>>> print(open('run-v2.txt').read())   # compact mmCIF, N, CA and C atoms
# COMPACT_ATOMS: atom_id res chain seq x y z
N MET A 1 33.69 21.90 13.15
CA MET A 1 34.00 20.58 13.66
C MET A 1 33.01 20.24 14.78
N LEU A 2 32.59 18.99 14.83
CA LEU A 2 31.65 18.54 15.85
C LEU A 2 32.40 18.11 17.10
N THR A 3 31.81 18.40 18.23
CA THR A 3 32.42 17.96 19.49
C THR A 3 31.67 16.72 19.97
N THR A 4 32.18 16.09 20.98
CA THR A 4 31.57 14.88 21.49
C THR A 4 30.25 15.14 22.21
N THR A 5 29.96 16.39 22.56
CA THR A 5 28.70 16.69 23.25
C THR A 5 27.55 16.91 22.27
N GLN A 6 27.84 17.04 20.99
CA GLN A 6 26.78 17.20 20.00
C GLN A 6 26.17 15.84 19.68
N THR A 7 24.87 15.84 19.36
CA THR A 7 24.19 14.58 19.10
C THR A 7 24.19 14.19 17.63
N GLN A 8 24.71 15.02 16.79
CA GLN A 8 24.71 14.78 15.36
C GLN A 8 25.89 13.90 14.97
N PRO A 9 25.71 12.95 14.05
CA PRO A 9 26.85 12.15 13.59
C PRO A 9 27.88 13.03 12.89
N VAL A 10 29.12 12.64 12.98
CA VAL A 10 30.20 13.38 12.35
C VAL A 10 29.96 13.43 10.85
N GLY A 11 30.10 14.63 10.26
CA GLY A 11 29.95 14.77 8.83
C GLY A 11 28.53 15.07 8.38
N ILE A 12 27.55 15.05 9.27
CA ILE A 12 26.16 15.34 8.92
C ILE A 12 25.84 16.75 9.40
N THR A 13 25.39 17.59 8.49
CA THR A 13 25.04 18.95 8.88
C THR A 13 23.66 18.97 9.51
N ALA A 14 23.33 20.06 10.21
CA ALA A 14 22.01 20.20 10.83
C ALA A 14 20.92 20.16 9.77
N THR A 15 21.15 20.78 8.62
CA THR A 15 20.16 20.78 7.54
C THR A 15 19.92 19.36 7.04
N GLU A 16 20.97 18.60 6.84
CA GLU A 16 20.83 17.21 6.41
C GLU A 16 20.09 16.39 7.45
N SER A 17 20.39 16.62 8.71
CA SER A 17 19.73 15.90 9.79
C SER A 17 18.24 16.23 9.84
N ASN A 18 17.88 17.51 9.68
CA ASN A 18 16.47 17.91 9.66
C ASN A 18 15.76 17.31 8.45
N ALA A 19 16.41 17.32 7.29
CA ALA A 19 15.81 16.73 6.09
C ALA A 19 15.58 15.24 6.28
N ALA A 20 16.52 14.57 6.92
CA ALA A 20 16.37 13.13 7.16
C ALA A 20 15.18 12.85 8.06
N GLY A 21 14.83 13.81 8.92
CA GLY A 21 13.65 13.65 9.78
C GLY A 21 12.36 13.92 9.05
N VAL A 22 12.37 14.91 8.15
CA VAL A 22 11.14 15.34 7.48
C VAL A 22 10.87 14.55 6.20
N LEU A 23 11.88 14.19 5.45
CA LEU A 23 11.67 13.56 4.15
C LEU A 23 10.90 12.23 4.21
N PRO A 24 11.13 11.37 5.20
CA PRO A 24 10.29 10.15 5.25
C PRO A 24 8.80 10.47 5.42
N LEU A 25 8.49 11.50 6.20
CA LEU A 25 7.09 11.91 6.35
C LEU A 25 6.54 12.41 5.02
N VAL A 26 7.30 13.24 4.34
CA VAL A 26 6.86 13.76 3.03
C VAL A 26 6.65 12.61 2.06
N GLY A 27 7.55 11.65 2.07
CA GLY A 27 7.40 10.48 1.21
C GLY A 27 6.16 9.67 1.54
N ARG A 28 5.91 9.46 2.83
CA ARG A 28 4.71 8.72 3.24
C ARG A 28 3.45 9.47 2.82
N LEU A 29 3.44 10.78 2.97
CA LEU A 29 2.29 11.58 2.56
C LEU A 29 2.05 11.46 1.05
N GLY A 30 3.13 11.53 0.30
CA GLY A 30 3.01 11.43 -1.16
C GLY A 30 2.44 10.09 -1.61
N ILE A 31 2.93 9.02 -1.02
CA ILE A 31 2.44 7.70 -1.39
C ILE A 31 1.01 7.49 -0.88
N ALA A 32 0.75 7.94 0.34
CA ALA A 32 -0.59 7.74 0.92
C ALA A 32 -1.66 8.52 0.16
N ALA A 33 -1.30 9.65 -0.43
CA ALA A 33 -2.29 10.49 -1.12
C ALA A 33 -3.05 9.70 -2.18
N ILE A 34 -2.37 8.88 -2.95
CA ILE A 34 -3.05 8.15 -4.02
C ILE A 34 -4.05 7.14 -3.44
N PHE A 35 -3.70 6.52 -2.32
CA PHE A 35 -4.62 5.56 -1.70
C PHE A 35 -5.82 6.28 -1.09
N LEU A 36 -5.59 7.38 -0.40
CA LEU A 36 -6.68 8.11 0.24
C LEU A 36 -7.65 8.67 -0.81
N LEU A 37 -7.11 9.27 -1.87
CA LEU A 37 -7.97 9.83 -2.92
C LEU A 37 -8.75 8.73 -3.64
N SER A 38 -8.09 7.63 -3.93
CA SER A 38 -8.75 6.53 -4.62
C SER A 38 -9.81 5.88 -3.74
N GLY A 39 -9.51 5.69 -2.47
CA GLY A 39 -10.49 5.11 -1.55
C GLY A 39 -11.70 6.00 -1.38
N PHE A 40 -11.47 7.32 -1.27
CA PHE A 40 -12.58 8.25 -1.13
C PHE A 40 -13.44 8.26 -2.40
N ALA A 41 -12.81 8.20 -3.57
CA ALA A 41 -13.57 8.15 -4.83
C ALA A 41 -14.42 6.89 -4.91
N LYS A 42 -13.87 5.77 -4.49
CA LYS A 42 -14.64 4.52 -4.48
C LYS A 42 -15.81 4.60 -3.50
N LEU A 43 -15.59 5.23 -2.38
CA LEU A 43 -16.62 5.36 -1.35
C LEU A 43 -17.78 6.24 -1.83
N THR A 44 -17.46 7.29 -2.54
CA THR A 44 -18.49 8.24 -2.98
C THR A 44 -19.17 7.84 -4.29
N ALA A 45 -18.55 6.99 -5.08
CA ALA A 45 -19.15 6.55 -6.35
C ALA A 45 -18.83 5.07 -6.56
N PRO A 46 -19.47 4.20 -5.80
CA PRO A 46 -19.10 2.78 -5.83
C PRO A 46 -19.47 2.04 -7.12
N ALA A 47 -20.49 2.49 -7.83
CA ALA A 47 -20.97 1.73 -8.99
C ALA A 47 -19.89 1.53 -10.05
N GLY A 48 -19.11 2.55 -10.32
CA GLY A 48 -18.06 2.43 -11.33
C GLY A 48 -17.02 1.39 -10.95
N THR A 49 -16.64 1.37 -9.70
CA THR A 49 -15.64 0.40 -9.24
C THR A 49 -16.21 -1.01 -9.26
N ILE A 50 -17.45 -1.16 -8.85
CA ILE A 50 -18.08 -2.49 -8.89
C ILE A 50 -18.10 -3.00 -10.33
N GLY A 51 -18.46 -2.14 -11.27
CA GLY A 51 -18.47 -2.53 -12.68
C GLY A 51 -17.08 -2.88 -13.19
N TYR A 52 -16.08 -2.12 -12.76
CA TYR A 52 -14.71 -2.37 -13.19
C TYR A 52 -14.21 -3.70 -12.65
N ILE A 53 -14.50 -3.99 -11.39
CA ILE A 53 -14.09 -5.27 -10.79
C ILE A 53 -14.78 -6.42 -11.52
N ALA A 54 -16.08 -6.26 -11.79
CA ALA A 54 -16.83 -7.30 -12.50
C ALA A 54 -16.27 -7.50 -13.91
N SER A 55 -15.90 -6.41 -14.58
CA SER A 55 -15.38 -6.51 -15.96
C SER A 55 -14.05 -7.24 -16.00
N ALA A 56 -13.33 -7.26 -14.89
CA ALA A 56 -12.06 -7.99 -14.83
C ALA A 56 -12.28 -9.47 -14.58
N GLY A 57 -13.55 -9.86 -14.37
CA GLY A 57 -13.87 -11.26 -14.16
C GLY A 57 -13.65 -11.75 -12.74
N LEU A 58 -13.46 -10.83 -11.82
CA LEU A 58 -13.25 -11.23 -10.43
C LEU A 58 -14.59 -11.48 -9.75
N PRO A 59 -14.64 -12.47 -8.86
CA PRO A 59 -15.90 -12.77 -8.17
C PRO A 59 -16.23 -11.74 -7.09
N LEU A 60 -17.48 -11.66 -6.72
CA LEU A 60 -17.94 -10.82 -5.61
C LEU A 60 -17.44 -9.38 -5.70
N PRO A 61 -17.83 -8.65 -6.75
CA PRO A 61 -17.32 -7.29 -6.90
C PRO A 61 -17.69 -6.35 -5.75
N GLU A 62 -18.82 -6.59 -5.12
CA GLU A 62 -19.19 -5.73 -3.97
C GLU A 62 -18.24 -5.94 -2.80
N ALA A 63 -17.87 -7.20 -2.58
CA ALA A 63 -16.90 -7.49 -1.52
C ALA A 63 -15.53 -6.92 -1.89
N GLY A 64 -15.18 -7.02 -3.16
CA GLY A 64 -13.92 -6.43 -3.63
C GLY A 64 -13.88 -4.93 -3.41
N LEU A 65 -15.01 -4.28 -3.66
CA LEU A 65 -15.10 -2.84 -3.41
C LEU A 65 -14.88 -2.54 -1.93
N ALA A 66 -15.55 -3.27 -1.07
CA ALA A 66 -15.42 -3.05 0.38
C ALA A 66 -13.97 -3.25 0.83
N ILE A 67 -13.33 -4.29 0.33
CA ILE A 67 -11.93 -4.55 0.69
C ILE A 67 -11.03 -3.42 0.19
N ALA A 68 -11.26 -2.99 -1.05
CA ALA A 68 -10.43 -1.92 -1.62
C ALA A 68 -10.59 -0.62 -0.83
N ILE A 69 -11.82 -0.29 -0.48
CA ILE A 69 -12.05 0.94 0.31
C ILE A 69 -11.36 0.83 1.66
N LEU A 70 -11.50 -0.29 2.31
CA LEU A 70 -10.87 -0.50 3.62
C LEU A 70 -9.35 -0.38 3.53
N VAL A 71 -8.78 -1.09 2.58
CA VAL A 71 -7.32 -1.08 2.43
C VAL A 71 -6.82 0.31 2.10
N GLU A 72 -7.48 0.98 1.15
CA GLU A 72 -6.99 2.28 0.71
C GLU A 72 -7.16 3.37 1.78
N LEU A 73 -8.34 3.44 2.39
CA LEU A 73 -8.57 4.50 3.38
C LEU A 73 -7.84 4.24 4.69
N VAL A 74 -7.98 3.04 5.23
CA VAL A 74 -7.32 2.74 6.50
C VAL A 74 -5.81 2.65 6.30
N GLY A 75 -5.38 1.94 5.28
CA GLY A 75 -3.95 1.83 5.01
C GLY A 75 -3.31 3.18 4.73
N GLY A 76 -3.99 4.00 3.92
CA GLY A 76 -3.46 5.34 3.63
C GLY A 76 -3.34 6.19 4.88
N ALA A 77 -4.37 6.15 5.72
CA ALA A 77 -4.35 6.95 6.96
C ALA A 77 -3.25 6.47 7.91
N LEU A 78 -3.11 5.16 8.04
CA LEU A 78 -2.06 4.62 8.92
C LEU A 78 -0.67 4.95 8.40
N LEU A 79 -0.52 4.95 7.09
CA LEU A 79 0.77 5.32 6.51
C LEU A 79 1.10 6.78 6.81
N VAL A 80 0.11 7.65 6.72
CA VAL A 80 0.32 9.07 7.01
C VAL A 80 0.80 9.27 8.44
N ILE A 81 0.13 8.65 9.39
CA ILE A 81 0.48 8.88 10.80
C ILE A 81 1.66 8.03 11.25
N GLY A 82 2.05 7.07 10.43
CA GLY A 82 3.21 6.25 10.77
C GLY A 82 2.94 5.24 11.86
N TYR A 83 1.79 4.58 11.80
CA TYR A 83 1.45 3.57 12.80
C TYR A 83 1.52 2.19 12.16
N ARG A 84 2.30 1.30 12.78
CA ARG A 84 2.55 -0.03 12.21
C ARG A 84 2.97 0.11 10.74
N THR A 85 3.84 1.03 10.53
CA THR A 85 4.17 1.51 9.20
C THR A 85 4.71 0.43 8.28
N ARG A 86 5.62 -0.37 8.78
CA ARG A 86 6.21 -1.41 7.91
C ARG A 86 5.17 -2.43 7.48
N LEU A 87 4.34 -2.87 8.39
CA LEU A 87 3.29 -3.84 8.07
C LEU A 87 2.28 -3.23 7.10
N VAL A 88 1.87 -2.00 7.36
CA VAL A 88 0.92 -1.31 6.49
C VAL A 88 1.51 -1.13 5.09
N ALA A 89 2.75 -0.70 5.02
CA ALA A 89 3.40 -0.51 3.72
C ALA A 89 3.49 -1.83 2.96
N LEU A 90 3.77 -2.91 3.65
CA LEU A 90 3.84 -4.22 3.00
C LEU A 90 2.46 -4.62 2.46
N ALA A 91 1.41 -4.43 3.25
CA ALA A 91 0.05 -4.75 2.81
C ALA A 91 -0.34 -3.89 1.60
N LEU A 92 -0.02 -2.59 1.65
CA LEU A 92 -0.34 -1.72 0.52
C LEU A 92 0.46 -2.09 -0.73
N ALA A 93 1.70 -2.51 -0.55
CA ALA A 93 2.51 -2.95 -1.70
C ALA A 93 1.89 -4.19 -2.34
N ALA A 94 1.47 -5.16 -1.53
CA ALA A 94 0.83 -6.37 -2.06
C ALA A 94 -0.47 -6.02 -2.77
N PHE A 95 -1.27 -5.14 -2.17
CA PHE A 95 -2.53 -4.68 -2.77
C PHE A 95 -2.26 -4.01 -4.12
N THR A 96 -1.23 -3.19 -4.18
CA THR A 96 -0.91 -2.45 -5.40
C THR A 96 -0.41 -3.38 -6.50
N ILE A 97 0.37 -4.37 -6.15
CA ILE A 97 0.83 -5.34 -7.15
C ILE A 97 -0.34 -6.18 -7.64
N ALA A 98 -1.23 -6.57 -6.73
CA ALA A 98 -2.43 -7.32 -7.14
C ALA A 98 -3.28 -6.49 -8.10
N ALA A 99 -3.44 -5.20 -7.81
CA ALA A 99 -4.21 -4.32 -8.70
C ALA A 99 -3.55 -4.23 -10.07
N ALA A 100 -2.23 -4.16 -10.10
CA ALA A 100 -1.51 -4.12 -11.38
C ALA A 100 -1.77 -5.39 -12.19
N VAL A 101 -1.69 -6.53 -11.54
CA VAL A 101 -1.86 -7.81 -12.22
C VAL A 101 -3.29 -8.01 -12.70
N PHE A 102 -4.27 -7.72 -11.83
CA PHE A 102 -5.67 -8.00 -12.18
C PHE A 102 -6.31 -6.93 -13.06
N PHE A 103 -5.85 -5.69 -12.96
CA PHE A 103 -6.54 -4.61 -13.66
C PHE A 103 -5.73 -3.89 -14.72
N HIS A 104 -4.42 -4.08 -14.74
CA HIS A 104 -3.59 -3.34 -15.68
C HIS A 104 -2.60 -4.22 -16.43
N SER A 105 -2.95 -5.47 -16.66
CA SER A 105 -1.98 -6.39 -17.27
C SER A 105 -2.06 -6.45 -18.79
N ALA A 106 -2.94 -5.66 -19.41
CA ALA A 106 -3.00 -5.60 -20.88
C ALA A 106 -1.90 -4.65 -21.36
N LEU A 107 -0.67 -5.14 -21.33
CA LEU A 107 0.48 -4.28 -21.56
C LEU A 107 0.60 -3.79 -23.00
N GLY A 108 -0.18 -4.36 -23.92
CA GLY A 108 -0.20 -3.87 -25.28
C GLY A 108 -0.94 -2.54 -25.40
N ASP A 109 -1.77 -2.23 -24.43
CA ASP A 109 -2.48 -0.95 -24.36
C ASP A 109 -1.58 0.04 -23.62
N GLN A 110 -1.20 1.13 -24.27
CA GLN A 110 -0.25 2.09 -23.69
C GLN A 110 -0.73 2.60 -22.33
N ASN A 111 -2.02 2.88 -22.18
CA ASN A 111 -2.55 3.38 -20.92
C ASN A 111 -2.39 2.33 -19.81
N GLN A 112 -2.73 1.08 -20.12
CA GLN A 112 -2.58 0.02 -19.13
C GLN A 112 -1.12 -0.25 -18.81
N PHE A 113 -0.26 -0.14 -19.81
CA PHE A 113 1.18 -0.29 -19.63
C PHE A 113 1.69 0.73 -18.59
N ILE A 114 1.27 1.98 -18.75
CA ILE A 114 1.68 3.04 -17.82
C ILE A 114 1.14 2.76 -16.42
N HIS A 115 -0.14 2.39 -16.34
CA HIS A 115 -0.73 2.11 -15.02
C HIS A 115 -0.04 0.91 -14.34
N PHE A 116 0.28 -0.11 -15.12
CA PHE A 116 0.95 -1.28 -14.56
C PHE A 116 2.27 -0.87 -13.92
N PHE A 117 3.09 -0.13 -14.67
CA PHE A 117 4.40 0.24 -14.14
C PHE A 117 4.32 1.33 -13.08
N LYS A 118 3.29 2.16 -13.12
CA LYS A 118 3.05 3.13 -12.03
C LYS A 118 2.80 2.36 -10.74
N ASN A 119 1.98 1.31 -10.83
CA ASN A 119 1.71 0.49 -9.64
C ASN A 119 2.98 -0.17 -9.13
N LEU A 120 3.81 -0.67 -10.03
CA LEU A 120 5.08 -1.27 -9.59
C LEU A 120 5.96 -0.23 -8.91
N ALA A 121 5.98 1.00 -9.43
CA ALA A 121 6.77 2.07 -8.81
C ALA A 121 6.25 2.41 -7.42
N ILE A 122 4.93 2.47 -7.27
CA ILE A 122 4.34 2.73 -5.95
C ILE A 122 4.73 1.60 -4.99
N ALA A 123 4.62 0.37 -5.46
CA ALA A 123 4.99 -0.77 -4.61
C ALA A 123 6.47 -0.68 -4.23
N GLY A 124 7.31 -0.26 -5.16
CA GLY A 124 8.73 -0.09 -4.85
C GLY A 124 8.96 0.95 -3.77
N GLY A 125 8.25 2.07 -3.84
CA GLY A 125 8.34 3.09 -2.80
C GLY A 125 7.88 2.55 -1.46
N LEU A 126 6.81 1.78 -1.48
CA LEU A 126 6.30 1.18 -0.24
C LEU A 126 7.30 0.18 0.34
N LEU A 127 7.98 -0.56 -0.52
CA LEU A 127 8.98 -1.50 -0.02
C LEU A 127 10.18 -0.77 0.58
N GLN A 128 10.46 0.45 0.12
CA GLN A 128 11.48 1.27 0.76
C GLN A 128 11.06 1.60 2.19
N VAL A 129 9.76 1.88 2.37
CA VAL A 129 9.25 2.15 3.72
C VAL A 129 9.37 0.90 4.57
N VAL A 130 9.07 -0.27 4.00
CA VAL A 130 9.22 -1.53 4.74
C VAL A 130 10.68 -1.70 5.16
N ALA A 131 11.60 -1.44 4.26
CA ALA A 131 13.01 -1.66 4.54
C ALA A 131 13.59 -0.65 5.54
N TYR A 132 13.22 0.62 5.40
CA TYR A 132 13.88 1.67 6.18
C TYR A 132 13.01 2.27 7.28
N GLY A 133 11.75 1.89 7.35
CA GLY A 133 10.88 2.36 8.41
C GLY A 133 10.26 3.71 8.13
N PRO A 134 9.51 4.21 9.10
CA PRO A 134 8.70 5.41 8.89
C PRO A 134 9.44 6.73 9.06
N GLY A 135 10.63 6.69 9.61
CA GLY A 135 11.32 7.94 9.93
C GLY A 135 10.95 8.42 11.32
N ARG A 136 11.57 9.52 11.72
CA ARG A 136 11.40 10.02 13.09
C ARG A 136 10.02 10.57 13.37
N ILE A 137 9.38 11.16 12.38
CA ILE A 137 8.08 11.79 12.58
C ILE A 137 6.99 10.75 12.31
N SER A 138 6.70 9.95 13.30
CA SER A 138 5.72 8.87 13.16
C SER A 138 5.32 8.38 14.55
N ILE A 139 4.17 7.75 14.61
CA ILE A 139 3.75 7.15 15.88
C ILE A 139 4.68 5.99 16.25
N ASP A 140 5.13 5.26 15.26
CA ASP A 140 6.03 4.12 15.52
C ASP A 140 7.29 4.54 16.25
N LYS A 141 7.77 5.77 16.02
CA LYS A 141 9.02 6.21 16.63
C LYS A 141 8.81 6.93 17.96
N ARG A 142 7.58 7.03 18.45
CA ARG A 142 7.32 7.67 19.74
C ARG A 142 7.77 6.79 20.87
>>> encode(input="run-v2.txt", output="structure tokens")
Amino acid sequence: MLTTTQTQPVGITATESNAAGVLPLVGRLGIAAIFLLSGFAKLTAPAGTIGYIASAGLPLPEAGLAIAILVELVGGALLVIGYRTRLVALALAAFTIAAAVFFHSALGDQNQFIHFFKNLAIAGGLLQVVAYGPGRISIDKR
């Protein structure tokens, strides 16, 4: 039984409380990994991405590449450290939905179908971060 001097809510075990502190960080790391890896790949081999953006019929593929690298690397890093987390998660969710619409909307192609819904799932996870915040282990909570 918990006493009034304990800081834990009634009915929450220490293990559950510790998990509640760590799991948001683990979730942010998992979501950020795809952005960081993708941004780094674009940075190290830009020609493929420029060609892909151009093939989608979007204007200024070089500018699109620069924006994508910035969003993915900076947004991914900020998500990891939990700085301005809700705003960053919202921006990454919008970026991810835009990528789904512009690059994966050929839903008759099984590969594009999977990528489209993968992007929606990532955006859904990011919206959870927007709704519930970064968790205790973050710069925002300092």
>>> atom_distance(input="run-v2.txt", atom1="atom C of Arg136 in chain A", atom2="CA of Ala121 in chain A")
24.0 Å
>>> residues_around(input="run-v2.txt", residues="Ala131 in chain A", least_positions_apart="4", cutoff="9 Å", atoms="only C-alpha atoms", output="list in words")
Arg86, Leu126 and Leu127 of chain A
>>> closest_residue(input="run-v2.txt", among="A:Ile114, A:Ala123, A:Ile139, A:Ala77", to="Thr96 in chain A", atoms="only C-alpha atoms")
A:Ala123
>>> closest_residue(input="run-v2.txt", among="A:Thr44, A:Ser55, A:Ser105, A:Ser17", to="Lys118 in chain A", atoms="only C-alpha atoms")
A:Ser105
>>> atom_distance(input="run-v2.txt", atom1="CA of Ile137 in chain A", atom2="CA of Val22 in chain A")
6.9 Å
>>> select_by_dssp(input="run-v2.txt", residues="range 2-130 of chain A", states="alpha helix (DSSP H)", output="ChimeraX atom specification")
/A:14-44,46-55,61-81,85-103,110-130
>>> closest_residue(input="run-v2.txt", among="A:Leu73, A:Tyr132, A:Ile53, A:Leu78", to="Ala99 in chain A", atoms="only C-alpha atoms")
A:Ile53
>>> closest_residue(input="run-v2.txt", among="A:Ala20, A:Ala98, A:Leu58, A:Leu65", to="Ala41 in chain A", atoms="only C-alpha atoms")
A:Leu65
